[in-house]
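Enquirer: Okay, handing you the structure first.
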Amino acid sequence: MEIIIRPLIASDWQSVSDIYQQGIDTGYATFQPQIPTWEEWDTSRYQHCRFVAATAHSDIVLGWIAIAPFSPRKVYEGVAIHSVYVSNEARGLGIGKILLKHLIIESEKYNIWTLQADILGDNVSSIKLHEKCGFRLAGFREKLGNLNGKWTDIRLYEWRSKAVGIIANEESNRMNADYFQLLV
């Protein structure tokens, strides 16, 4: 099966919301109790860096990924929270990894230096996906939310760009220092 990654558009909403609902139905993908409207979803996320994975020939949406601002404060403008969901039919095919790798590349074009994911403790497949894609465990929040009467832990995973932000600046400074050492 040939997969394409393309921008998520409004006409994808029915497929995207169906996949979102499948995630909600698992009981361990999100604290979100119900699907938001397109307008709520659309305005809560950046207009850039929202993608779907679809079949190349029939354009059936198999998964989606999108980012939202971490905070409205200017100091955090390069930090985003992301969501990634894969349809029940496409789980285990590597769709999540394709979407997450694509997001990493594309987010740097918009000066995103940190991608974060709040992952419910029971969501083992999401934890493994993020670790495979270079995310690190940055924190653990015990019994942060109550989901259907059960207190649930959250694991905070993050990915830091080596091309954008402080890590890139530190690397650039090291390279400049090495260069100037050669001159003396």
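Letters A, B, ... mark the chains of the structure tokens in the order given; residue numbers begin at 1 per chain; ligand numbers begin at 1, in order shown.
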Near stretch 19-26 of chain A, counting only C-alpha atoms, which residues have an atom at most 8 Å away, once you skip same-chain residues fewer than 2 positions from it, shown as a list in words?
Expert: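 The neighbour list is Ser15, Val16, Ser17, Tyr28, Ala29, Thr30, Phe31, Gln32, Pro33, Gln34, Ile35, Leu62, Gly63, Tyr85, Val86, Ser87 and Asn88 of chain A.
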Enquirer: List every residue of stretch 31-109 of chain A that has an atom at most 9 Å from any atom of stretch 125-141 of chain A, and for each one report the closest atom pair and its distance in Å to one decimal, counting only C-alpha atoms, with rows sorted by chain and then by increasing residue number, as a Markdown table.
Expert:
| residue | atom | partner | partner_atom | distance |
| --- | --- | --- | --- | --- |
| A:Val84 | CA | A:Ser126 | CA | 8.7 |
| A:Gly96 | CA | A:Leu129 | CA | 7.1 |
| A:Lys97 | CA | A:Leu129 | CA | 6.4 |
| A:Leu100 | CA | A:Cys133 | CA | 7.2 |
| A:Lys101 | CA | A:Cys133 | CA | 6.7 |
Enquirer: Please return as a PyMOL selection string: the residues of stretch 1-178 of chain A that backbone DSSP assigns to strand (DSSP E).
Expert: chain A and resi 3-7+50-55+61-69+79-86+114-120+136-147+150-160
Enquirer: With only C-alpha atoms as the basis for distance, which of A:Ile5, A:Ala10, A:Ile166, A:Leu93 is at the shortest distance from A:Trp64?
Expert: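 Using only C-alpha atoms, A:Trp64 sits closest to A:Ile5.
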Enquirer: Among chain A, which residues does DSSP mark as alpha helix (DSSP H) when it is run on the backbone? Keep the chain and numbering as in the structure and answer as a ChimeraX atom specification.
Expert: /A:13-26,38-43,95-108,124-132,166-183
Enquirer: If you measure from atom CA of A:Leu8 to atom CA of A:Val52, what distance in Å do you get, rounded to one decimal?
Expert: 5.4 Å
Enquirer: Just want the 7 Å neighbourhood of stretch 152-165 of chain A, counted on only C-alpha atoms, with same-chain residues fewer than 2 positions away dropped. Output as JSON, numbers by chain.
Expert: {"A": [108, 111, 112, 113, 114, 115, 116, 117, 118, 119, 120, 121, 134, 135, 136, 137, 138, 139, 140, 141, 142, 143, 144, 145, 146, 147, 150, 167, 168, 169]}
Enquirer: Can you spit out the residues from that selection as a PDB file, in the first residue's frame, using C-alpha atoms?
Expert:
ATOM      1  CA  GLU A 108      11.529  23.118  12.126  1.00  0.00           C
ATOM      2  CA  ASN A 111      10.943  27.583  14.110  1.00  0.00           C
ATOM      3  CA  ILE A 112       9.522  24.973  16.452  1.00  0.00           C
ATOM      4  CA  TRP A 113      12.369  23.888  18.719  1.00  0.00           C
ATOM      5  CA  THR A 114      10.412  21.627  21.057  1.00  0.00           C
ATOM      6  CA  LEU A 115       7.589  19.192  20.355  1.00  0.00           C
ATOM      7  CA  GLN A 116       5.780  17.846  23.399  1.00  0.00           C
ATOM      8  CA  ALA A 117       3.385  14.984  23.927  1.00  0.00           C
ATOM      9  CA  ASP A 118       1.367  14.301  27.060  1.00  0.00           C
ATOM     10  CA  ILE A 119       0.856  10.527  26.916  1.00  0.00           C
ATOM     11  CA  LEU A 120      -1.509   8.677  29.210  1.00  0.00           C
ATOM     12  CA  GLY A 121       0.395   6.062  31.208  1.00  0.00           C
ATOM     13  CA  GLY A 134      13.810  10.309  19.298  1.00  0.00           C
ATOM     14  CA  PHE A 135      11.554  11.745  21.987  1.00  0.00           C
ATOM     15  CA  ARG A 136      12.759  11.536  25.570  1.00  0.00           C
ATOM     16  CA  LEU A 137      10.818  11.190  28.779  1.00  0.00           C
ATOM     17  CA  ALA A 138      10.918  14.687  30.281  1.00  0.00           C
ATOM     18  CA  GLY A 139       8.543  14.189  33.180  1.00  0.00           C
ATOM     19  CA  PHE A 140       5.976  12.093  34.951  1.00  0.00           C
ATOM     20  CA  ARG A 141       2.761  13.458  36.397  1.00  0.00           C
ATOM     21  CA  GLU A 142       1.072  11.125  38.840  1.00  0.00           C
ATOM     22  CA  LYS A 143      -2.721  10.808  38.777  1.00  0.00           C
ATOM     23  CA  LEU A 144      -3.085  14.029  36.815  1.00  0.00           C
ATOM     24  CA  GLY A 145      -6.542  13.382  35.418  1.00  0.00           C
ATOM     25  CA  ASN A 146      -9.579  11.284  36.103  1.00  0.00           C
ATOM     26  CA  LEU A 147     -10.683   9.320  33.061  1.00  0.00           C
ATOM     27  CA  LYS A 150      -9.845   6.101  37.073  1.00  0.00           C
ATOM     28  CA  ILE A 167      20.589  23.529  21.179  1.00  0.00           C
ATOM     29  CA  ALA A 168      21.219  24.741  17.624  1.00  0.00           C
ATOM     30  CA  ASN A 169      22.659  28.001  18.987  1.00  0.00           C
TER      31      ASN A 169
END
Enquirer: For A:Ser71, find every residue with an atom within 10 Å (counting only C-alpha atoms), except residues of its own chain fewer than 5 positions away, and show them as a list in words.
Expert: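 Residues near the query, excluding close chain neighbours: Tyr76, Glu77, Gly78, Val79, Ala80 and Ile81 of chain A.
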Enquirer: Taking into account only C-alpha atoms, which residue in the set A:Gly92, A:Pro7, A:Pro36, A:Gly27 is nearest to A:Ala53?
Expert: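 Ranked by minimum distance to A:Ala53, first place goes to A:Pro7.
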Enquirer: Expressed in Å to a single decimal, how great is the separation between atom CA of A:His82 and atom CA of A:Ala68?
Expert: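 Rounded to one decimal, the two atoms are 6.2 Å apart.
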